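Let me begin by presenting the structure, written as structure tokens, before commenting on it.
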Amino acid sequence: MEKNERINKLLEETEKVIDPHRQFYKIRFDDNSMDFAFQWMLGAIRNGGGDIGEIFYTAAQIEDYNPDSWASEWPKIAERVEKRAEAAESGSHLVSAREFYQKAACYYRAALTALPPQKTEFVRLYKKSLACFSKAGTMFEPQFEMVMIPFENTYLPGCYIRASKSQSKMKTIIAIGGAETFFIDLYFHIAPSALSRGYNFITVDIPGQGILPLDGQFFRPDTEKPIGAIIDFILNKPEVDKDRIAVYGISGGGYYVTRASAYDKRIKACISNCAVTDIGKIMGEMAIQNQKAASAGIKMSPFNIRMFQILAWRHGVSMDNIPGLLEKTRDFVFDPSLITCPALNICSNGEYLNPATRAMEDYYMKALPNPNKKMIIAPFEDGGGTHCLGENTGLLSALLFDWLDEVFA
């Protein structure tokens, strides 16, 4: 298919179907959802999450449209890179070891994107990813602090990193992922950019994320409660300035952090990428429009179906009952007029093209009462036109932190 023809087809589908992961330019895979996951990995290279040679070699081994092939190939490169890390560490080459461990962590995690959580490999690969990430964290200065934050009848796993060893009060950003993420994703998304700008950084899995659903901790509408527990935790840190705490959420996190900001006034700035005020409405639009699209010959790929099945599992819905997400997410709603802190909303051009998404973003911005609010629509031509700007973390970081630096000046 010619380039312009393909783009026009995708633009037409965007008008019909909400698919946040839709890519508008192909890098490797014909499967659009698989290419999205691949481009997200490319975006992590800037922050130590991989090297282009390793990533492209592995992608060349993966069978297009086959989620099982995706899940089986990434651990192979992860194991090879982890062995390099161990060899470098044994030789006291700690910079090399640190870099190899970081990449291995990202590659092990990549397999989980398409691996059913019922598989025994799911927990094993998660633990391998976490172990590599933790080892890398011991080789930084300041070292990473792997945390388990008490919350109700469980713990929320995550990572806290001081911006420096300074004894002065510093700005802090809490980064929360979306409906398919693990907390280390947020490290490779923006952490180095936060740290280099003098922000303490913390990212934590809230119920529904990571492996918490294995313990019955599914997504819930009152995200101000787990995020409140994270704020409780950081306020015990002497280097955290209580008047300069920001939250940042990607994808579904555009609901989790905005909802928390509506109810927890300890949050002094809210950044969404992009804002979601009603998850149930988006799920409804996706279901209705996908049904219409199916009748028009637009079908979900096996990789996309696998991602939806895992999404259902994260919400406590049977994986063979994807439509059950509609009822499950009906109460995931809040009033954005309750957000009184400054707010930044970043939305990719591709997502904003969809009428339902555009209406929600416009409603959110209009409802915000604080005049210190800003909406940024990232354009295709700057390499940031798709979901959460995951393919251009450098542009994203500049947009986010340049705004936040001014708010916290």
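Ordering of the structure tokens sets the chain letters (A, B, ...); residue numbers start at 1 within each chain; ligands are numbered from 1 in the order shown.
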- [ ] Taking the DSSP assignment computed from this structure's backbone, write out as a ChimeraX atom specification all residues of segment 177-385 of chain A that belong to alpha helix (DSSP H).
- [x] /A:183-196,224-234,253-263,279-295,302-314,325-328,349-352,355-367
Could you list, as a PDB file with all heavy atoms, in the first residue's frame, every residue within 9 Å of Ile77 of chain A, counting only C-alpha atoms and ignoring same-chain residues fewer than 3 positions away?
```pdb
ATOM      1  N   GLU A  54      19.939  -3.962  18.916  1.00  0.00           N
ATOM      2  CA  GLU A  54      19.295  -5.077  19.621  1.00  0.00           C
ATOM      3  C   GLU A  54      17.797  -5.104  19.351  1.00  0.00           C
ATOM      4  O   GLU A  54      17.199  -6.164  19.142  1.00  0.00           O
ATOM      5  CB  GLU A  54      19.558  -4.950  21.124  1.00  0.00           C
ATOM      6  CG  GLU A  54      21.021  -5.101  21.497  1.00  0.00           C
ATOM      7  CD  GLU A  54      21.344  -4.562  22.879  1.00  0.00           C
ATOM      8  OE1 GLU A  54      20.463  -3.934  23.504  1.00  0.00           O
ATOM      9  OE2 GLU A  54      22.484  -4.758  23.331  1.00  0.00           O
ATOM     10  N   ILE A  55      17.196  -3.920  19.347  1.00  0.00           N
ATOM     11  CA  ILE A  55      15.747  -3.842  19.163  1.00  0.00           C
ATOM     12  C   ILE A  55      15.351  -4.240  17.742  1.00  0.00           C
ATOM     13  O   ILE A  55      14.397  -5.004  17.536  1.00  0.00           O
ATOM     14  CB  ILE A  55      15.250  -2.429  19.516  1.00  0.00           C
ATOM     15  CG1 ILE A  55      15.339  -2.211  21.040  1.00  0.00           C
ATOM     16  CG2 ILE A  55      13.821  -2.205  19.036  1.00  0.00           C
ATOM     17  CD1 ILE A  55      14.972  -0.817  21.494  1.00  0.00           C
ATOM     18  N   TYR A  57      17.126  -6.093  15.620  1.00  0.00           N
ATOM     19  CA  TYR A  57      17.407  -7.513  15.404  1.00  0.00           C
ATOM     20  C   TYR A  57      16.255  -8.366  15.949  1.00  0.00           C
ATOM     21  O   TYR A  57      15.773  -9.281  15.286  1.00  0.00           O
ATOM     22  CB  TYR A  57      18.716  -7.934  16.076  1.00  0.00           C
ATOM     23  CG  TYR A  57      18.934  -9.426  15.988  1.00  0.00           C
ATOM     24  CD1 TYR A  57      19.457 -10.006  14.839  1.00  0.00           C
ATOM     25  CD2 TYR A  57      18.558 -10.256  17.048  1.00  0.00           C
ATOM     26  CE1 TYR A  57      19.604 -11.380  14.735  1.00  0.00           C
ATOM     27  CE2 TYR A  57      18.707 -11.632  16.956  1.00  0.00           C
ATOM     28  CZ  TYR A  57      19.225 -12.195  15.805  1.00  0.00           C
ATOM     29  OH  TYR A  57      19.358 -13.557  15.702  1.00  0.00           O
ATOM     30  N   THR A  58      15.840  -8.052  17.173  1.00  0.00           N
ATOM     31  CA  THR A  58      14.758  -8.828  17.784  1.00  0.00           C
ATOM     32  C   THR A  58      13.469  -8.686  16.998  1.00  0.00           C
ATOM     33  O   THR A  58      12.758  -9.677  16.755  1.00  0.00           O
ATOM     34  CB  THR A  58      14.551  -8.379  19.241  1.00  0.00           C
ATOM     35  OG1 THR A  58      15.789  -8.537  19.958  1.00  0.00           O
ATOM     36  CG2 THR A  58      13.468  -9.206  19.920  1.00  0.00           C
ATOM     37  N   GLU A  73      10.217 -13.781  21.782  1.00  0.00           N
ATOM     38  CA  GLU A  73      11.487 -13.280  21.252  1.00  0.00           C
ATOM     39  C   GLU A  73      12.191 -12.297  22.192  1.00  0.00           C
ATOM     40  O   GLU A  73      13.416 -12.293  22.281  1.00  0.00           O
ATOM     41  CB  GLU A  73      11.286 -12.629  19.882  1.00  0.00           C
ATOM     42  CG  GLU A  73      10.965 -13.613  18.773  1.00  0.00           C
ATOM     43  CD  GLU A  73      12.082 -14.610  18.510  1.00  0.00           C
ATOM     44  OE1 GLU A  73      13.265 -14.288  18.782  1.00  0.00           O
ATOM     45  OE2 GLU A  73      11.779 -15.724  18.057  1.00  0.00           O
ATOM     46  N   TRP A  74      11.436 -11.455  22.897  1.00  0.00           N
ATOM     47  CA  TRP A  74      12.088 -10.437  23.738  1.00  0.00           C
ATOM     48  C   TRP A  74      12.888 -11.039  24.883  1.00  0.00           C
ATOM     49  O   TRP A  74      13.977 -10.525  25.218  1.00  0.00           O
ATOM     50  CB  TRP A  74      11.065  -9.422  24.244  1.00  0.00           C
ATOM     51  CG  TRP A  74      10.596  -8.528  23.141  1.00  0.00           C
ATOM     52  CD1 TRP A  74       9.365  -8.518  22.542  1.00  0.00           C
ATOM     53  CD2 TRP A  74      11.361  -7.523  22.459  1.00  0.00           C
ATOM     54  NE1 TRP A  74       9.316  -7.581  21.529  1.00  0.00           N
ATOM     55  CE2 TRP A  74      10.533  -6.957  21.457  1.00  0.00           C
ATOM     56  CE3 TRP A  74      12.672  -7.060  22.596  1.00  0.00           C
ATOM     57  CZ2 TRP A  74      10.976  -5.955  20.611  1.00  0.00           C
ATOM     58  CZ3 TRP A  74      13.123  -6.056  21.746  1.00  0.00           C
ATOM     59  CH2 TRP A  74      12.280  -5.512  20.773  1.00  0.00           C
ATOM     60  N   ARG A  80      20.523 -12.489  26.818  1.00  0.00           N
ATOM     61  CA  ARG A  80      21.875 -12.229  26.314  1.00  0.00           C
ATOM     62  C   ARG A  80      22.445 -10.936  26.912  1.00  0.00           C
ATOM     63  O   ARG A  80      23.614 -10.883  27.317  1.00  0.00           O
ATOM     64  CB  ARG A  80      21.864 -12.147  24.785  1.00  0.00           C
ATOM     65  CG  ARG A  80      21.568 -13.473  24.102  1.00  0.00           C
ATOM     66  CD  ARG A  80      21.953 -13.443  22.638  1.00  0.00           C
ATOM     67  NE  ARG A  80      21.162 -12.513  21.858  1.00  0.00           N
ATOM     68  CZ  ARG A  80      19.997 -12.806  21.289  1.00  0.00           C
ATOM     69  NH1 ARG A  80      19.474 -14.023  21.439  1.00  0.00           N
ATOM     70  NH2 ARG A  80      19.351 -11.921  20.562  1.00  0.00           N
ATOM     71  N   VAL A  81      21.611  -9.907  26.985  1.00  0.00           N
ATOM     72  CA  VAL A  81      22.074  -8.635  27.527  1.00  0.00           C
ATOM     73  C   VAL A  81      22.317  -8.739  29.027  1.00  0.00           C
ATOM     74  O   VAL A  81      23.275  -8.153  29.556  1.00  0.00           O
ATOM     75  CB  VAL A  81      21.054  -7.520  27.196  1.00  0.00           C
ATOM     76  CG1 VAL A  81      21.411  -6.219  27.896  1.00  0.00           C
ATOM     77  CG2 VAL A  81      20.990  -7.288  25.680  1.00  0.00           C
ATOM     78  N   GLU A  82      21.491  -9.493  29.724  1.00  0.00           N
ATOM     79  CA  GLU A  82      21.696  -9.678  31.163  1.00  0.00           C
ATOM     80  C   GLU A  82      23.036 -10.370  31.435  1.00  0.00           C
ATOM     81  O   GLU A  82      23.749 -10.014  32.381  1.00  0.00           O
ATOM     82  CB  GLU A  82      20.559 -10.490  31.769  1.00  0.00           C
ATOM     83  CG  GLU A  82      20.675 -10.646  33.279  1.00  0.00           C
ATOM     84  CD  GLU A  82      19.599 -11.526  33.887  1.00  0.00           C
ATOM     85  OE1 GLU A  82      18.892 -12.225  33.127  1.00  0.00           O
ATOM     86  OE2 GLU A  82      19.473 -11.521  35.126  1.00  0.00           O
ATOM     87  N   ALA A 104      18.231  -4.883  29.714  1.00  0.00           N
ATOM     88  CA  ALA A 104      17.648  -6.200  29.964  1.00  0.00           C
ATOM     89  C   ALA A 104      16.303  -6.072  30.662  1.00  0.00           C
ATOM     90  O   ALA A 104      15.342  -6.792  30.338  1.00  0.00           O
ATOM     91  CB  ALA A 104      18.604  -7.048  30.808  1.00  0.00           C
ATOM     92  N   TYR A 107      13.737  -5.142  28.090  1.00  0.00           N
ATOM     93  CA  TYR A 107      13.427  -6.230  27.156  1.00  0.00           C
ATOM     94  C   TYR A 107      12.581  -7.325  27.815  1.00  0.00           C
ATOM     95  O   TYR A 107      11.660  -7.866  27.208  1.00  0.00           O
ATOM     96  CB  TYR A 107      14.721  -6.830  26.609  1.00  0.00           C
ATOM     97  CG  TYR A 107      15.582  -5.877  25.811  1.00  0.00           C
ATOM     98  CD1 TYR A 107      16.964  -6.078  25.706  1.00  0.00           C
ATOM     99  CD2 TYR A 107      15.036  -4.763  25.173  1.00  0.00           C
ATOM    100  CE1 TYR A 107      17.767  -5.207  24.980  1.00  0.00           C
ATOM    101  CE2 TYR A 107      15.832  -3.885  24.445  1.00  0.00           C
ATOM    102  CZ  TYR A 107      17.195  -4.108  24.356  1.00  0.00           C
ATOM    103  OH  TYR A 107      17.988  -3.253  23.632  1.00  0.00           O
ATOM    104  N   TYR A 108      12.905  -7.673  29.061  1.00  0.00           N
ATOM    105  CA  TYR A 108      12.072  -8.650  29.768  1.00  0.00           C
ATOM    106  C   TYR A 108      10.643  -8.120  29.897  1.00  0.00           C
ATOM    107  O   TYR A 108       9.673  -8.857  29.698  1.00  0.00           O
ATOM    108  CB  TYR A 108      12.631  -8.933  31.168  1.00  0.00           C
ATOM    109  CG  TYR A 108      13.760  -9.921  31.217  1.00  0.00           C
ATOM    110  CD1 TYR A 108      14.990  -9.573  31.795  1.00  0.00           C
ATOM    111  CD2 TYR A 108      13.608 -11.215  30.727  1.00  0.00           C
ATOM    112  CE1 TYR A 108      16.037 -10.488  31.866  1.00  0.00           C
ATOM    113  CE2 TYR A 108      14.659 -12.144  30.798  1.00  0.00           C
ATOM    114  CZ  TYR A 108      15.862 -11.763  31.361  1.00  0.00           C
ATOM    115  OH  TYR A 108      16.893 -12.680  31.431  1.00  0.00           O
TER     116      TYR A 108
END
```
Excluding same-chain residues fewer than 3 positions from Cys341 of chain A, what lies within 12 Å of it counting only C-alpha atoms, as a PDB file with C-alpha atoms, in the first residue's frame?
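What follows is the written file part.pdb:
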```pdb
ATOM      1  CA  ASP A 243       4.457  22.947  47.902  1.00  0.00           C
ATOM      2  CA  ARG A 244       5.986  21.607  44.679  1.00  0.00           C
ATOM      3  CA  ILE A 245       4.448  18.180  44.119  1.00  0.00           C
ATOM      4  CA  ALA A 246       3.267  17.381  40.591  1.00  0.00           C
ATOM      5  CA  VAL A 247       1.493  14.356  39.167  1.00  0.00           C
ATOM      6  CA  THR A 258      -6.612  14.041  37.092  1.00  0.00           C
ATOM      7  CA  ALA A 260      -6.668  12.351  42.182  1.00  0.00           C
ATOM      8  CA  SER A 261      -5.993  16.061  41.597  1.00  0.00           C
ATOM      9  CA  ALA A 262      -9.703  16.796  41.895  1.00  0.00           C
ATOM     10  CA  TYR A 263      -9.797  15.418  45.457  1.00  0.00           C
ATOM     11  CA  ASP A 264      -6.262  15.684  46.877  1.00  0.00           C
ATOM     12  CA  LYS A 265      -5.185  19.307  47.198  1.00  0.00           C
ATOM     13  CA  ARG A 266      -1.652  18.360  48.158  1.00  0.00           C
ATOM     14  CA  ILE A 267      -1.117  18.039  44.418  1.00  0.00           C
ATOM     15  CA  LYS A 268       0.151  21.413  43.195  1.00  0.00           C
ATOM     16  CA  ALA A 269       0.307  20.720  39.438  1.00  0.00           C
ATOM     17  CA  CYS A 270      -1.381  18.136  37.236  1.00  0.00           C
ATOM     18  CA  ILE A 271      -0.117  16.931  33.852  1.00  0.00           C
ATOM     19  CA  PRO A 336     -12.764  18.262  36.243  1.00  0.00           C
ATOM     20  CA  SER A 337     -14.065  21.551  37.636  1.00  0.00           C
ATOM     21  CA  LEU A 338     -12.860  20.241  41.038  1.00  0.00           C
ATOM     22  CA  LEU A 344      -1.236  20.878  31.525  1.00  0.00           C
ATOM     23  CA  LEU A 368     -10.762  23.560  34.574  1.00  0.00           C
ATOM     24  CA  PRO A 369     -11.236  26.614  36.830  1.00  0.00           C
ATOM     25  CA  ASN A 370      -7.602  27.659  37.281  1.00  0.00           C
ATOM     26  CA  PRO A 371      -6.556  30.162  34.584  1.00  0.00           C
ATOM     27  CA  ASN A 372      -3.093  28.599  34.649  1.00  0.00           C
ATOM     28  CA  LYS A 373      -4.035  25.805  32.280  1.00  0.00           C
ATOM     29  CA  LYS A 374      -2.607  24.798  28.938  1.00  0.00           C
ATOM     30  CA  LEU A 404       6.226  22.731  35.038  1.00  0.00           C
ATOM     31  CA  VAL A 407       4.699  26.766  37.463  1.00  0.00           C
ATOM     32  CA  PHE A 408       7.186  25.873  40.210  1.00  0.00           C
TER      33      PHE A 408
END
```
- [ ] Taking the chain letters and numbering used in this document, name the residues of segment 327-400 of chain A that DSSP puts in strand (DSSP E), as a list in words.
- [x]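 Restricting segment 327-400 of chain A to strand (DSSP E) produces Ala343, Leu344, Asn345, Ile346, Cys347, Ser348, Lys373, Lys374, Met375, Ile376, Ile377 and Ala378 of chain A.
For the pair atom CA of Ile250 of chain A and atom CA of Asp335 of chain A, the interatomic distance is 18.9 Å.
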TODO: Identify which of the residues A:Ala136, A:Leu186, A:Met34, A:Ala60 lies closest to Met300 of chain A, counting only C-alpha atoms when measuring atom-to-atom distances.
DONE: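 When distances to Met300 of chain A are compared using only C-alpha atoms, the smallest one comes from A:Met34.
Counting only C-alpha atoms and comparing A:Asn345, A:Ser33, A:Thr172, A:Asn392, the residue that lies closest to Ala194 of chain A is A:Thr172.
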Please tabulate, as a Markdown table, the residues of segment 131-158 of chain A that come within 12 Å of segment 90-94 of chain A, each with its closest pair of atoms and the distance in Å to one decimal, counting only C-alpha atoms and ordering rows by chain, then residue number upward.
```
| residue | atom | partner | partner_atom | distance |
| --- | --- | --- | --- | --- |
| A:Lys135 | CA | A:Leu94 | CA | 10.4 |
| A:Ala136 | CA | A:Leu94 | CA | 9.0 |
| A:Gly137 | CA | A:Leu94 | CA | 11.1 |
| A:Thr138 | CA | A:Leu94 | CA | 9.8 |
| A:Met139 | CA | A:Leu94 | CA | 6.6 |
| A:Phe140 | CA | A:Leu94 | CA | 9.3 |
| A:Glu141 | CA | A:Leu94 | CA | 11.9 |
```
Those residues you just picked out, can you put them in a file as a PDB file, in the first residue's frame with N, CA and C atoms?
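selection.pdb, written as the output of this step:
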```
ATOM      1  N   LYS A 135      19.140  -3.930  40.108  1.00  0.00           N
ATOM      2  CA  LYS A 135      20.603  -3.970  40.071  1.00  0.00           C
ATOM      3  C   LYS A 135      21.157  -2.709  39.410  1.00  0.00           C
ATOM      4  N   ALA A 136      20.541  -2.297  38.316  1.00  0.00           N
ATOM      5  CA  ALA A 136      20.986  -1.064  37.656  1.00  0.00           C
ATOM      6  C   ALA A 136      20.876   0.109  38.616  1.00  0.00           C
ATOM      7  N   GLY A 137      19.806   0.136  39.402  1.00  0.00           N
ATOM      8  CA  GLY A 137      19.567   1.241  40.323  1.00  0.00           C
ATOM      9  C   GLY A 137      20.620   1.389  41.394  1.00  0.00           C
ATOM     10  N   THR A 138      21.282   0.277  41.766  1.00  0.00           N
ATOM     11  CA  THR A 138      22.340   0.347  42.780  1.00  0.00           C
ATOM     12  C   THR A 138      23.614   0.973  42.228  1.00  0.00           C
ATOM     13  N   MET A 139      23.683   1.115  40.907  1.00  0.00           N
ATOM     14  CA  MET A 139      24.894   1.621  40.259  1.00  0.00           C
ATOM     15  C   MET A 139      24.766   3.082  39.847  1.00  0.00           C
ATOM     16  N   PHE A 140      23.677   3.709  40.272  1.00  0.00           N
ATOM     17  CA  PHE A 140      23.493   5.141  40.057  1.00  0.00           C
ATOM     18  C   PHE A 140      23.843   5.890  41.343  1.00  0.00           C
ATOM     19  N   GLU A 141      24.030   7.176  41.220  1.00  0.00           N
ATOM     20  CA  GLU A 141      24.271   8.029  42.381  1.00  0.00           C
ATOM     21  C   GLU A 141      23.418   9.288  42.245  1.00  0.00           C
TER      22      GLU A 141
END
```
Task: Spatial neighbours of segment 304-312 of chain A, 7 Å, only C-alpha atoms, chain gap at least 4 places, as a VMD selection string - done: chain A and resid 33 114 116 179 to 180 300 316 to 320 322 325
TODO: Would you mind reading off the distance between atom CA of Glu79 of chain A and atom CA of Leu112 of chain A, one decimal, in Å?
DONE: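 Distance between the two atoms: 14.8 Å.
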Open item on the list: Residues near Phe38 of chain A, anyone? I mean within 8 Å using only C-alpha atoms, not counting same-chain ones fewer than 3 positions away, as a list of chain:residue names.
Closed with: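 Returned residues: A:Arg28, A:Met34, A:Asp35, A:Met41, A:Leu42, A:Ala59.
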Open item on the list: At a cut-off of 10 Å, using only C-alpha atoms, what residues contact Glu99 of chain A? Leave out same-chain residues fewer than 2 positions from it and give the result as a list in words.
Closed with: Gly48, Gly49, Gly50, Asp51, Val81, Glu82, Arg84, Ala85, Ala88, Leu94, Val95, Ser96, Ala97, Tyr101, Gln102, Lys103, Ala104, Phe133, Ala136 and Met139 of chain A
Contact table segment 92-155 of chain A vs segment 223-226 of chain A, cut-off 12 Å, shortest pair per residue, only C-alpha atoms, as a Markdown table:
```
| residue | atom | partner | partner_atom | distance |
| --- | --- | --- | --- | --- |
| A:Ile149 | CA | A:Pro226 | CA | 9.3 |
| A:Pro150 | CA | A:Pro226 | CA | 9.4 |
| A:Phe151 | CA | A:Pro226 | CA | 6.7 |
| A:Glu152 | CA | A:Pro226 | CA | 8.8 |
| A:Asn153 | CA | A:Pro226 | CA | 11.6 |
| A:Thr154 | CA | A:Pro226 | CA | 10.6 |
| A:Tyr155 | CA | A:Pro226 | CA | 9.9 |
```
Atoms to include: N, CA and C atoms. Write the selected residues as a short mmCIF file (atom, residue, chain, number, x, y, z; two decimals), in the first residue's frame.
```cif
data_model
loop_
_atom_site.label_atom_id
_atom_site.label_comp_id
_atom_site.auth_asym_id
_atom_site.auth_seq_id
_atom_site.Cartn_x
_atom_site.Cartn_y
_atom_site.Cartn_z
N ILE A 149 4.89 0.57 49.05
CA ILE A 149 4.11 1.54 49.82
C ILE A 149 2.86 0.85 50.39
N PRO A 150 2.69 0.88 51.72
CA PRO A 150 1.50 0.25 52.31
C PRO A 150 0.23 0.91 51.80
N PHE A 151 -0.72 0.07 51.41
CA PHE A 151 -2.01 0.58 50.95
C PHE A 151 -3.09 -0.46 51.21
N GLU A 152 -4.01 -0.11 52.13
CA GLU A 152 -5.11 -1.00 52.49
C GLU A 152 -4.56 -2.39 52.84
N ASN A 153 -4.94 -3.43 52.10
CA ASN A 153 -4.48 -4.78 52.47
C ASN A 153 -3.36 -5.27 51.56
N THR A 154 -2.64 -4.33 50.93
CA THR A 154 -1.58 -4.73 50.03
C THR A 154 -0.46 -3.70 50.07
N TYR A 155 0.48 -3.86 49.16
CA TYR A 155 1.57 -2.89 48.98
C TYR A 155 1.62 -2.48 47.52
#
```
Task: Top pick for closest residue to Tyr187 of chain A, considering A:Pro207, A:Gly158, A:Pro323, A:Pro302 and counting only C-alpha atoms - done: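 Among A:Pro207, A:Gly158, A:Pro323, A:Pro302, it is A:Gly158 that comes nearest to Tyr187 of chain A.
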TODO: With a distance cut-off of 12 Å and only C-alpha atoms, select the neighbouring residues of Gly252 of chain A, excluding the residue or stretch itself and same-chain residues fewer than 6 positions from it, and output the selection as a PyMOL selection string.
DONE: chain A and resi 20+176-181+206+208-209+219-221+223+258-259+272-280+282-283+311+329+332+387-388
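Reported to one decimal place, the separation of atom CA of Gly384 of chain A from atom CA of Tyr25 of chain A is 11.4 Å.
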Open item on the list: Counting only C-alpha atoms, which residue out of A:Lys127, A:His315, A:His189, A:Arg197 sits closest to Met170 of chain A?
Closed with: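 Looking only at the distances to Met170 of chain A, the closest residue turns out to be A:Arg197.
Considering only C-alpha atoms, the residue among A:Ala378, A:Ala37, A:Cys347, A:Leu130 positioned nearest to Ser251 of chain A is A:Cys347.
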